[in-house]
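Raw contents of model-v2.csv, CSV, C-alpha atoms:
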chain,number,residue,atom,x,y,z
T,1123,GLY,CA,9.0,-1.6,23.6
T,1124,ARG,CA,6.2,-3.9,23.5
T,1125,PRO,CA,4.2,-4.4,20.2
T,1126,PRO,CA,0.6,-3.2,20.0
T,1127,ARG,CA,-1.6,-5.7,21.6
T,1128,ARG,CA,-4.4,-7.4,19.7
T,1129,PRO,CA,-8.0,-6.6,20.4
T,1130,PRO,CA,-9.2,-9.0,23.2
T,1131,SER,CA,-12.0,-11.4,22.8
T,1132,SER,CA,-15.3,-10.5,24.3
T,1133,SER,CA,-14.8,-12.6,27.4
T,1134,SER,CA,-11.3,-11.4,28.2
T,1135,SER,CA,-12.2,-7.8,27.4
T,1136,ARG,CA,-14.9,-7.7,30.2
T,1137,SER,CA,-12.3,-8.6,32.8
T,1138,ALA,CA,-9.6,-6.4,31.3
T,1139,ALA,CA,-11.9,-3.3,30.9
T,1140,PRO,CA,-11.8,-2.3,34.6
T,1141,ARG,CA,-8.0,-2.6,34.7
T,1142,ILE,CA,-7.7,-0.5,31.6
T,1143,ALA,CA,-10.2,2.1,32.9
T,1144,ASN,CA,-8.3,2.4,36.2
T,1145,ALA,CA,-5.0,2.9,34.3
T,1146,VAL,CA,-6.7,5.6,32.1
T,1147,ALA,CA,-8.0,7.3,35.2
T,1148,ARG,CA,-4.6,7.4,36.8
T,1149,SER,CA,-3.0,8.8,33.7
T,1150,ALA,CA,-5.4,11.9,33.8
T,1151,PRO,CA,-5.4,12.5,30.0
T,1152,PRO,CA,-5.5,16.2,28.9
T,1153,ALA,CA,-8.8,17.9,28.4
T,1154,ARG,CA,-8.6,17.7,24.6
T,1155,ARG,CA,-8.0,13.9,24.7
T,1156,ARG,CA,-10.8,13.5,27.3
T,1157,ALA,CA,-13.1,15.2,24.9
T,1158,ARG,CA,-12.2,12.9,22.0
T,1159,LEU,CA,-12.7,9.9,24.3
T,1160,ALA,CA,-16.1,11.3,25.4
T,1161,ALA,CA,-17.2,11.7,21.8
T,1162,LEU,CA,-16.1,8.1,21.0
T,1163,ALA,CA,-18.1,6.8,24.0
T,1164,ARG,CA,-21.2,8.8,23.4
T,1165,PRO,CA,-24.0,6.7,21.7
T,1166,PHE,CA,-25.7,7.9,18.6
T,1167,PRO,CA,-29.3,8.9,18.9
T,1168,VAL,CA,-31.7,6.0,18.5
T,1169,GLY,CA,-34.6,5.9,16.2
T,1170,GLU,CA,-38.3,5.8,17.2
T,1171,ASP,CA,-38.5,2.0,17.0
T,1172,ALA,CA,-35.5,1.5,19.2
T,1173,ALA,CA,-36.8,4.1,21.7
T,1174,SER,CA,-40.2,2.5,21.9
T,1175,LYS,CA,-38.6,-0.9,22.4
T,1176,SER,CA,-36.5,0.6,25.3
T,1177,ALA,CA,-39.7,1.9,26.9
T,1178,SER,CA,-41.4,-1.5,26.7
T,1179,ASP,CA,-38.4,-3.0,28.4
T,1180,ALA,CA,-38.4,-0.5,31.3
T,1181,SER,CA,-38.9,-3.2,33.8
T,1182,ALA,CA,-35.7,-4.9,32.9
T,1183,PRO,CA,-32.6,-4.3,35.0
T,1184,THR,CA,-30.7,-1.2,33.9
T,1185,THR,CA,-27.1,-0.1,34.3
T,1186,PRO,CA,-26.2,3.3,35.8
T,1187,ASN,CA,-25.9,6.1,33.4
T,1188,PRO,CA,-22.3,6.9,32.4
T,1189,PRO,CA,-20.8,10.1,33.9
T,1190,ALA,CA,-21.4,13.3,32.0
T,1191,PRO,CA,-18.7,14.1,29.4
T,1192,PRO,CA,-16.1,16.7,30.2
T,1193,ALA,CA,-16.6,20.3,29.0
T,1194,PRO,CA,-15.3,20.9,25.5
T,1195,PRO,CA,-11.6,22.0,25.5
T,1196,ALA,CA,-10.5,25.3,24.3
T,1197,ALA,CA,-10.4,25.8,20.5
T,1198,ARG,CA,-7.3,24.1,19.1
T,1199,ARG,CA,-5.2,25.4,16.2
T,1200,ARG,CA,-6.5,24.3,12.9
T,1201,VAL,CA,-4.4,21.9,11.0
T,1202,ARG,CA,-3.3,23.1,7.5
T,1203,ALA,CA,-2.0,20.9,4.7
T,1204,ARG,CA,1.2,22.8,4.5
T,1205,ASP,CA,1.9,22.0,8.2
T,1206,PHE,CA,2.6,18.4,7.3
T,1207,ARG,CA,3.0,18.1,3.5
T,1208,HIS,CA,6.2,16.2,2.7
T,1209,PRO,CA,8.8,18.2,0.7
T,1210,LEU,CA,8.9,15.4,-1.9
T,1211,ASP,CA,5.1,15.8,-2.3
T,1212,GLN,CA,5.5,19.5,-3.1
T,1213,GLN,CA,8.4,18.9,-5.5
T,1214,ASN,CA,6.7,16.1,-7.4
T,1215,THR,CA,3.5,18.0,-7.6
T,1216,GLN,CA,5.3,20.7,-9.6
T,1217,LEU,CA,7.0,18.1,-11.8
T,1218,LEU,CA,3.8,16.4,-12.6
T,1219,ARG,CA,2.1,19.6,-13.6
T,1220,ALA,CA,4.9,20.1,-16.1
T,1221,VAL,CA,4.2,16.7,-17.8
T,1222,PRO,CA,3.1,17.3,-21.5
T,1223,GLY,CA,-0.5,16.1,-22.1
T,1224,LEU,CA,-1.5,15.9,-18.5
T,1225,SER,CA,-4.9,17.5,-18.8
T,1226,GLN,CA,-5.8,15.4,-21.9
T,1227,ILE,CA,-4.8,12.1,-20.2
T,1228,THR,CA,-6.7,13.1,-17.1
T,1229,LYS,CA,-9.9,13.8,-19.1
T,1230,SER,CA,-9.6,10.5,-21.0
T,1231,LEU,CA,-9.7,8.6,-17.7
T,1232,VAL,CA,-11.9,10.6,-15.3
T,1233,THR,CA,-15.0,10.7,-17.5
T,1234,PRO,CA,-18.6,11.0,-16.1
T,1235,VAL,CA,-19.1,7.3,-17.0
T,1236,ALA,CA,-16.0,6.3,-15.1
T,1237,GLU,CA,-17.0,8.3,-12.1
T,1238,GLN,CA,-20.6,6.9,-12.0
T,1239,MET,CA,-19.1,3.3,-12.4
T,1240,LEU,CA,-16.9,3.9,-9.3
T,1241,VAL,CA,-19.8,5.1,-7.3
T,1242,LEU,CA,-22.0,2.2,-8.2
T,1243,GLU,CA,-19.2,-0.2,-7.6
T,1244,GLN,CA,-18.8,0.8,-4.0
T,1245,ILE,CA,-22.6,1.0,-3.3
T,1246,SER,CA,-23.2,-2.4,-4.8
T,1247,THR,CA,-20.3,-4.4,-3.4
T,1248,SER,CA,-19.3,-2.8,-0.1
T,1249,VAL,CA,-20.8,-1.9,3.3
T,1250,LEU,CA,-21.3,1.9,3.9
T,1251,VAL,CA,-20.3,2.8,7.5
T,1252,GLY,CA,-22.5,5.1,9.4
T,1253,PRO,CA,-24.3,5.8,12.7
T,1254,LYS,CA,-26.5,2.7,12.2
T,1255,GLN,CA,-23.8,0.5,10.4
T,1256,LEU,CA,-20.6,-0.3,12.4
T,1257,PRO,CA,-21.1,2.9,14.5
T,1258,HIS,CA,-17.8,2.3,16.4
T,1259,VAL,CA,-15.9,2.6,13.1
T,1260,HIS,CA,-18.0,5.6,12.2
T,1261,LYS,CA,-16.9,7.3,15.4
T,1262,LEU,CA,-13.3,6.8,14.4
T,1263,VAL,CA,-14.0,8.5,11.1
T,1264,LEU,CA,-15.7,11.5,12.7
T,1265,ASP,CA,-12.8,11.8,15.3
T,1266,ALA,CA,-10.1,11.7,12.6
T,1267,ALA,CA,-11.9,14.2,10.4
T,1268,SER,CA,-12.2,16.5,13.4
T,1269,VAL,CA,-8.5,16.4,14.1
T,1270,LEU,CA,-7.6,17.0,10.4
T,1271,ASP,CA,-10.3,19.7,10.1
T,1272,ILE,CA,-12.1,18.2,7.1
T,1273,ASP,CA,-15.6,17.1,6.3
T,1274,PRO,CA,-16.0,13.4,7.1
T,1275,PRO,CA,-15.9,11.3,3.9
T,1276,GLN,CA,-17.9,8.2,3.2
T,1277,LEU,CA,-16.3,5.0,4.4
T,1278,TYR,CA,-17.0,1.7,2.8
T,1279,ILE,CA,-15.8,-1.7,4.1
T,1280,ARG,CA,-15.2,-4.1,1.2
T,1281,GLN,CA,-14.7,-7.9,1.3
T,1282,SER,CA,-11.2,-8.7,0.0
T,1283,SER,CA,-8.3,-10.9,1.0
T,1284,GLN,CA,-5.8,-8.1,0.2
T,1285,PRO,CA,-5.2,-5.7,3.1
T,1286,ASN,CA,-5.6,-2.4,1.3
T,1287,ALA,CA,-7.3,1.0,1.6
T,1288,TYR,CA,-7.8,3.7,-1.0
T,1289,THR,CA,-9.5,7.0,-1.6
T,1290,LEU,CA,-11.7,8.1,-4.5
T,1291,ALA,CA,-12.2,11.8,-4.9
T,1292,ILE,CA,-14.8,12.3,-7.6
T,1293,SER,CA,-15.7,15.8,-8.8
T,1294,GLY,CA,-19.0,17.1,-7.4
T,1295,ARG,CA,-19.4,14.1,-5.1
T,1296,GLU,CA,-18.7,13.3,-1.5
T,1297,PRO,CA,-15.2,11.7,-1.3
T,1298,VAL,CA,-15.1,7.9,-0.7
T,1299,ILE,CA,-12.6,5.9,1.4
T,1300,VAL,CA,-12.6,2.1,0.9
T,1301,VAL,CA,-11.1,-0.3,3.4
T,1302,HIS,CA,-10.7,-4.0,2.8
T,1303,THR,CA,-11.8,-6.5,5.4
T,1304,ALA,CA,-8.4,-8.2,5.4
T,1305,LEU,CA,-6.9,-4.9,6.6
T,1306,VAL,CA,-9.6,-4.5,9.3
T,1307,GLU,CA,-8.7,-8.0,10.6
T,1308,LEU,CA,-5.1,-7.1,11.0
T,1309,MET,CA,-5.4,-3.8,12.9
T,1310,THR,CA,-6.3,-2.6,16.4
T,1311,ALA,CA,-8.8,0.2,16.7
T,1312,ALA,CA,-6.0,2.8,16.9
T,1313,GLU,CA,-4.3,1.3,13.9
T,1314,LEU,CA,-7.5,1.2,11.9
T,1315,GLN,CA,-8.1,4.9,12.7
T,1316,ALA,CA,-4.5,5.6,11.5
T,1317,VAL,CA,-5.3,4.0,8.2
T,1318,ILE,CA,-8.4,6.0,7.8
T,1319,ALA,CA,-6.5,9.2,8.8
T,1320,HIS,CA,-3.9,8.3,6.2
T,1321,GLU,CA,-6.6,8.2,3.5
T,1322,MET,CA,-8.1,11.5,4.8
T,1323,GLY,CA,-4.6,13.0,4.3
T,1324,HIS,CA,-5.1,12.7,0.6
T,1325,LEU,CA,-8.3,14.8,0.9
T,1326,LYS,CA,-6.7,17.4,3.2
T,1327,CYS,CA,-3.7,17.8,0.8
T,1328,ASP,CA,-6.1,18.0,-2.1
T,1329,HIS,CA,-4.6,15.1,-4.0
T,1330,GLY,CA,-8.0,14.7,-5.6
T,1331,VAL,CA,-8.1,14.0,-9.3
T,1332,TRP,CA,-4.6,12.7,-9.7
T,1333,LEU,CA,-5.1,10.2,-7.0
T,1334,THR,CA,-8.3,9.0,-8.6
T,1335,VAL,CA,-6.4,8.7,-11.9
T,1336,ALA,CA,-3.7,6.6,-10.2
T,1337,ASN,CA,-6.4,4.4,-8.6
T,1338,LEU,CA,-8.1,3.9,-12.0
T,1339,LEU,CA,-4.8,2.8,-13.6
T,1340,THR,CA,-4.2,0.5,-10.7
T,1341,LEU,CA,-7.7,-1.0,-11.1
T,1342,GLY,CA,-6.9,-1.7,-14.8
T,1343,ALA,CA,-8.2,1.4,-16.7
T,1344,GLU,CA,-6.6,2.1,-20.1
T,1345,ILE,CA,-5.3,5.4,-21.3
T,1346,ALA,CA,-6.8,6.7,-24.6
T,1347,PRO,CA,-5.2,4.6,-27.4
T,1348,LEU,CA,-4.6,7.6,-29.7
T,1349,MET,CA,-2.2,9.1,-27.1
T,1350,PRO,CA,1.5,8.8,-28.2
T,1351,ALA,CA,3.3,6.1,-26.3
T,1352,PHE,CA,6.1,8.4,-25.0
T,1353,VAL,CA,3.5,10.7,-23.5
T,1354,VAL,CA,1.7,7.9,-21.8
T,1355,ASP,CA,5.0,6.4,-20.4
T,1356,ASN,CA,6.2,9.8,-19.2
T,1357,PHE,CA,2.8,10.4,-17.5
T,1358,ARG,CA,2.8,7.0,-15.8
T,1359,ASP,CA,6.4,7.5,-14.5
T,1360,GLY,CA,5.6,11.0,-13.2
T,1361,LEU,CA,2.3,9.9,-11.7
T,1362,MET,CA,3.8,7.0,-9.8
T,1363,ARG,CA,6.6,9.2,-8.6
T,1364,TRP,CA,4.1,11.7,-7.3
T,1365,VAL,CA,1.9,9.0,-5.7
T,1366,ARG,CA,4.8,7.7,-3.7
T,1367,ALA,CA,5.7,11.1,-2.5
T,1368,ALA,CA,2.0,11.9,-1.6
T,1369,GLU,CA,1.9,8.8,0.5
T,1370,LEU,CA,4.6,10.3,2.8
T,1371,SER,CA,2.4,13.3,3.4
T,1372,CYS,CA,-0.5,11.0,4.3
T,1373,ASP,CA,1.6,9.0,6.8
T,1374,ARG,CA,2.1,12.3,8.5
T,1375,ALA,CA,-1.6,12.9,8.6
T,1376,ALA,CA,-2.0,9.5,10.2
T,1377,LEU,CA,0.5,10.5,12.9
T,1378,LEU,CA,-1.4,13.8,13.6
T,1379,VAL,CA,-4.5,11.7,14.4
T,1380,ALA,CA,-2.7,8.7,16.1
T,1381,GLY,CA,-0.5,11.0,18.2
T,1382,ASP,CA,2.0,8.2,18.5
T,1383,PRO,CA,4.5,7.2,15.8
T,1384,ARG,CA,4.6,3.6,17.0
T,1385,VAL,CA,0.9,3.2,15.9
T,1386,VAL,CA,1.7,4.3,12.4
T,1387,VAL,CA,4.9,2.2,12.2
T,1388,SER,CA,2.9,-0.8,13.5
T,1389,VAL,CA,0.5,-0.4,10.6
T,1390,LEU,CA,3.4,-0.4,8.1
T,1391,MET,CA,4.9,-3.4,9.8
T,1392,LYS,CA,1.7,-5.4,9.7
T,1393,LEU,CA,1.2,-4.5,6.0
T,1394,SER,CA,4.7,-5.8,5.4
T,1395,GLY,CA,4.5,-9.2,7.1
T,1396,GLY,CA,1.5,-9.3,9.4
T,1397,CYS,CA,-1.4,-11.8,9.7
T,1398,PRO,CA,-4.1,-12.2,12.4
T,1399,LYS,CA,-2.2,-15.1,14.0
T,1400,LEU,CA,1.1,-13.1,14.3
T,1401,SER,CA,0.0,-9.5,14.6
T,1402,GLY,CA,0.2,-9.4,18.4
T,1403,GLN,CA,3.7,-10.8,18.4
T,1404,LEU,CA,5.3,-8.2,16.0
T,1405,ASN,CA,7.9,-5.8,17.5
T,1406,VAL,CA,7.9,-2.1,16.4
T,1407,ASP,CA,11.5,-1.5,17.6
T,1408,ALA,CA,12.9,-4.4,15.7
T,1409,PHE,CA,11.1,-3.2,12.5
T,1410,LEU,CA,12.7,0.2,12.9
T,1411,ASP,CA,16.1,-1.4,13.3
T,1412,GLN,CA,15.3,-3.3,10.0
T,1413,ALA,CA,14.5,0.0,8.4
T,1414,ARG,CA,17.8,1.5,9.4
T,1415,ARG,CA,19.6,-1.6,8.1
T,1416,TYR,CA,17.9,-1.1,4.7
T,1417,ASP,CA,19.2,2.5,4.6
T,1418,ASP,CA,22.7,1.2,5.3
T,1419,GLU,CA,22.5,-1.5,2.7
T,1420,SER,CA,21.3,1.0,0.0
T,1421,SER,CA,23.6,3.8,0.8
T,1422,SER,CA,26.2,2.9,-1.8
T,1423,PRO,CA,25.9,4.0,-5.5
T,1424,LEU,CA,24.9,0.5,-6.5
T,1425,GLY,CA,22.5,0.3,-3.6
T,1426,TRP,CA,20.9,3.6,-4.6
T,1427,TYR,CA,20.4,2.4,-8.2
T,1428,LEU,CA,18.9,-0.9,-7.1
T,1429,ARG,CA,16.6,0.9,-4.6
T,1430,ASN,CA,15.3,3.2,-7.3
T,1431,ALA,CA,14.8,0.3,-9.7
T,1432,GLN,CA,12.9,-1.5,-7.0
T,1433,THR,CA,10.5,1.3,-6.3
T,1434,ARG,CA,10.0,2.8,-9.8
T,1435,GLN,CA,6.7,1.1,-10.6
T,1436,LEU,CA,5.4,0.9,-7.1
T,1437,THR,CA,2.4,2.9,-6.0
T,1438,HIS,CA,3.7,3.2,-2.4
T,1439,PRO,CA,7.2,3.8,-1.0
T,1440,LEU,CA,8.7,0.7,0.6
T,1441,PRO,CA,7.3,0.1,4.1
T,1442,VAL,CA,10.7,0.2,5.8
T,1443,ALA,CA,11.4,3.6,4.2
T,1444,ARG,CA,8.0,4.9,5.3
T,1445,ALA,CA,8.6,3.7,8.8
T,1446,ARG,CA,11.9,5.4,9.0
T,1447,GLU,CA,10.5,8.6,7.5
T,1448,ILE,CA,7.6,8.8,10.0
T,1449,ASP,CA,9.9,8.0,13.0
T,1450,GLU,CA,12.3,10.7,12.0
T,1451,TRP,CA,9.5,13.3,11.4
T,1452,SER,CA,8.0,12.5,14.8
T,1453,ARG,CA,11.3,13.6,16.4
T,1454,SER,CA,11.7,16.7,14.3
T,1455,GLU,CA,11.3,20.4,15.3
T,1456,ASP,CA,8.6,20.8,12.6
T,1457,PHE,CA,6.4,18.2,14.3
T,1458,ALA,CA,7.1,19.6,17.8
T,1459,ARG,CA,6.0,23.0,16.6
T,1460,LEU,CA,2.6,21.7,15.7
T,1461,GLY,CA,2.0,21.0,19.4
T,1462,ILE,CA,0.1,17.7,18.7
T,1463,GLU,CA,-1.5,16.4,21.9
T,1464,PRO,CA,-1.3,12.6,22.3
T,1465,ALA,CA,-4.4,10.9,21.0
T,1466,PRO,CA,-6.4,8.3,22.9
T,1467,THR,CA,-4.1,5.4,23.5
T,1468,PRO,CA,-4.8,2.0,21.8
T,1469,GLU,CA,-6.0,0.7,25.1
T,1470,GLU,CA,-8.4,3.6,25.5
T,1471,LEU,CA,-9.7,3.2,22.0
T,1472,GLU,CA,-10.3,-0.6,22.6
T,1473,LEU,CA,-12.7,0.4,25.4
T,1474,TRP,CA,-15.1,1.6,22.7
T,1475,SER,CA,-14.8,-1.4,20.4
T,1476,PRO,CA,-17.6,-3.9,20.2
T,1477,GLU,CA,-15.5,-6.5,22.0
T,1478,ALA,CA,-15.4,-4.3,25.1
T,1479,ALA,CA,-19.1,-3.7,25.2

Give the structure from the file, written as C-alpha cells.
Amino acid sequence: GRPPRRPPSSSSSRSAAPRIANAVARSAPPARRRARLAALARPFPVGEDAASKSASDASAPTTPNPPAPPAPPAARRRVRARDFRHPLDQQNTQLLRAVPGLSQITKSLVTPVAEQMLVLEQISTSVLVGPKQLPHVHKLVLDAASVLDIDPPQLYIRQSSQPNAYTLAISGREPVIVVHTALVELMTAAELQAVIAHEMGHLKCDHGVWLTVANLLTLGAEIAPLMPAFVVDNFRDGLMRWVRAAELSCDRAALLVAGDPRVVVSVLMKLSGGCPKLSGQLNVDAFLDQARRYDDESSSPLGWYLRNAQTRQLTHPLPVARAREIDEWSRSEDFARLGIEPAPTPEELELWSPEAA
C-alpha cells in the first residue's frame, strides 16, 4: 500500500482539489460519512463585523453557494467505553485500585493549587482552538467528539519541538487536550484527528484523575516526601503499567474515529521515526512487517524479559507493539460487531484544510 500523502501546498492543492472531489463523488460515500463531511465543510457563523464587511464588499465577484448538505443520517448506535476498552486496561485498573496508599498519593499531587497552575499554564503559553481560532482544527475536534459521543473538550496548540499530545482531566473543570506544534507539522488532517480522538479516548474511558497524576509526574511533580519509599515505588510501577494499558484503549478510540487502521498505524510510525521531510515517504506495510519481526525477536524467554525491562518505565507501549495491536483489533470480530462506518478519507479531510481553500 501507499503511505499517507503529505498535505499539498496551497498552489498544488488548488489543482488537485477537482480531481479529489471527482474521486469522492465517484465513491458515493455512505450517508453518515457525507453528513460528517458536510459538517466539516460548513462555515461557522460570522460575527457582526465580518457580516458588515461582507455587505460592503457586495459588489466584488462572488463564488456560487455550495450545494445544500445532505439530510442527517439515521441515528447511529452510541459508542460505549466498554465497546473498545482493552482487556489490559480493565485488568490494570483493578490492580491499581488495590495499591496501598493510592488515595493519599493522589490527593498529595492533585491539589487545588496544582489544578489551577495547570489551567493557567495552558492559557498563558498555548493557543486555544475554537470557531474563530484555527476553525478547521476545531471542526476535527467536534467531529471526533460526535463519533465518540462525548462533550468536546478544550484543545490547546502549544509550541514545542517534541511531537506530543496529552490530556488533563481536572475535577470540576472542562477537560483539556494539549497538542504540540511539532506533532501538527508531522500529521495529515486525518492523522491529526486520530491523535485528538486518541486523547478523547481517555475522557470516554474515564481515565480522569489517574491520567492527570501520571502527567503531573511526567512533568516533574514530586510525591509527598513523608510517604514511605516502598509505597511510592509501588505506586509508580502500578501507575505506569496502567497508563501503558490505557493507551491501548485510546488507540482503539482513534480507530473508531479514523475508520481506517492505516491512519492510526501511520501516526505511530511517524512518532517513531518521522519528520516533515520524510513523512510522505514512510510505508505503513513495512512498519507493520517491522512490528511482526519485533514480536518474533521477543518471543523467547530472554526476549520476553528484555522486552518487559525495556517498557517498565515508559508511559506508552512501544510504537511497534501498538501498531500490531491496532492492526489485529481492526480485523477482529469485536471490531466488526461495532459496525463502524469508514470515516472521511485523508483526501476528503484535506479538502477542508486551509491549504485547499

For CA of His1302 (chain T) and CA of Asp1273 (chain T), the interatomic separation in Å (one decimal): 21.9 Å

Which of T:Lys1392, T:Arg1207, T:Lys1254, T:Arg1363 sits closest to Leu1314 (chain T) [using only C-alpha atoms]: T:Lys1392

Non-local contacts of Gly1252 (chain T) (10 Å; only C-alpha atoms; under 4 positions in same chain excluded) as a PyMOL selection string: chain T and resi 1256-1261+1263-1264+1276-1278

Just to be explicit: take each residue in the selection above, keep C-alpha atoms, and write the result as a PDB file, in the coordinates of the input.
ATOM      1  CA  LEU T1256     -20.600  -0.300  12.400  1.00  0.00           C
ATOM      2  CA  PRO T1257     -21.100   2.900  14.500  1.00  0.00           C
ATOM      3  CA  HIS T1258     -17.800   2.300  16.400  1.00  0.00           C
ATOM      4  CA  VAL T1259     -15.900   2.600  13.100  1.00  0.00           C
ATOM      5  CA  HIS T1260     -18.000   5.600  12.200  1.00  0.00           C
ATOM      6  CA  LYS T1261     -16.900   7.300  15.400  1.00  0.00           C
ATOM      7  CA  VAL T1263     -14.000   8.500  11.100  1.00  0.00           C
ATOM      8  CA  LEU T1264     -15.700  11.500  12.700  1.00  0.00           C
ATOM      9  CA  GLN T1276     -17.900   8.200   3.200  1.00  0.00           C
ATOM     10  CA  LEU T1277     -16.300   5.000   4.400  1.00  0.00           C
ATOM     11  CA  TYR T1278     -17.000   1.700   2.800  1.00  0.00           C
TER      12      TYR T1278
END

Within 7 Å of region 1377-1380 of chain T using only C-alpha atoms, minus same-chain residues under 3 positions, as a ChimeraX atom specification: /T:1266,1269,1312,1316,1319,1373-1374,1383,1385-1386,1462,1465

Distance of CA of Val1301 (chain T) from CA of Arg1200 (chain T), expressed in Å to one decimal place: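 So the answer is 26.8 Å.
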
Separation of CA of Tyr1288 (chain T) from CA of Ser1394 (chain T) in Å: 17.0 Å

Long-range neighbours of region 1416-1421 of chain T as a PyMOL selection string, 12 Å cut-off, all atoms listed in the file, 3 positions minimum in chain: chain T and resi 1409-1413+1424-1432+1440-1447

Pick from T:Val1300, T:Val1306, T:Met1362, T:Pro1209 nearest to Trp1451 (chain T), counting all atoms listed in the file: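 Checking each candidate against Trp1451 (chain T), we get T:Pro1209 as the closest.
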
Option closest in space to Gly1381 (chain T), from T:Ile1448, T:Val1241, T:Val1235, T:Ala1220 [counting all atoms listed in the file]: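 Of all the options, T:Ile1448 lies closest to Gly1381 (chain T).
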
Polymer residues at most 8 Å from (5.0, 14.0, 2.9) by all atoms listed in the file, as a list in words: Phe1206, Arg1207, His1208, Pro1209, Leu1210, Asp1211, Ala1367, Ala1368, Glu1369, Leu1370, Ser1371, Cys1372, Asp1373 and Arg1374 of chain T

Selection: 10 Å around Arg1280 (chain T), only C-alpha atoms, excl. self and same-chain fewer than 4 positions, as a compact mmCIF listing (two decimals) with C-alpha atoms, keeping the file's coordinate frame:
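Okay, selection34.txt is ready:
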# COMPACT_ATOMS: atom_id res chain seq x y z
CA GLN T 1244 -18.80 0.80 -4.00
CA THR T 1247 -20.30 -4.40 -3.40
CA SER T 1248 -19.30 -2.80 -0.10
CA VAL T 1249 -20.80 -1.90 3.30
CA LEU T 1250 -21.30 1.90 3.90
CA ASN T 1286 -5.60 -2.40 1.30
CA ALA T 1287 -7.30 1.00 1.60
CA VAL T 1300 -12.60 2.10 0.90
CA VAL T 1301 -11.10 -0.30 3.40
CA HIS T 1302 -10.70 -4.00 2.80
CA THR T 1303 -11.80 -6.50 5.40
CA ALA T 1304 -8.40 -8.20 5.40
CA LEU T 1305 -6.90 -4.90 6.60
CA VAL T 1306 -9.60 -4.50 9.30
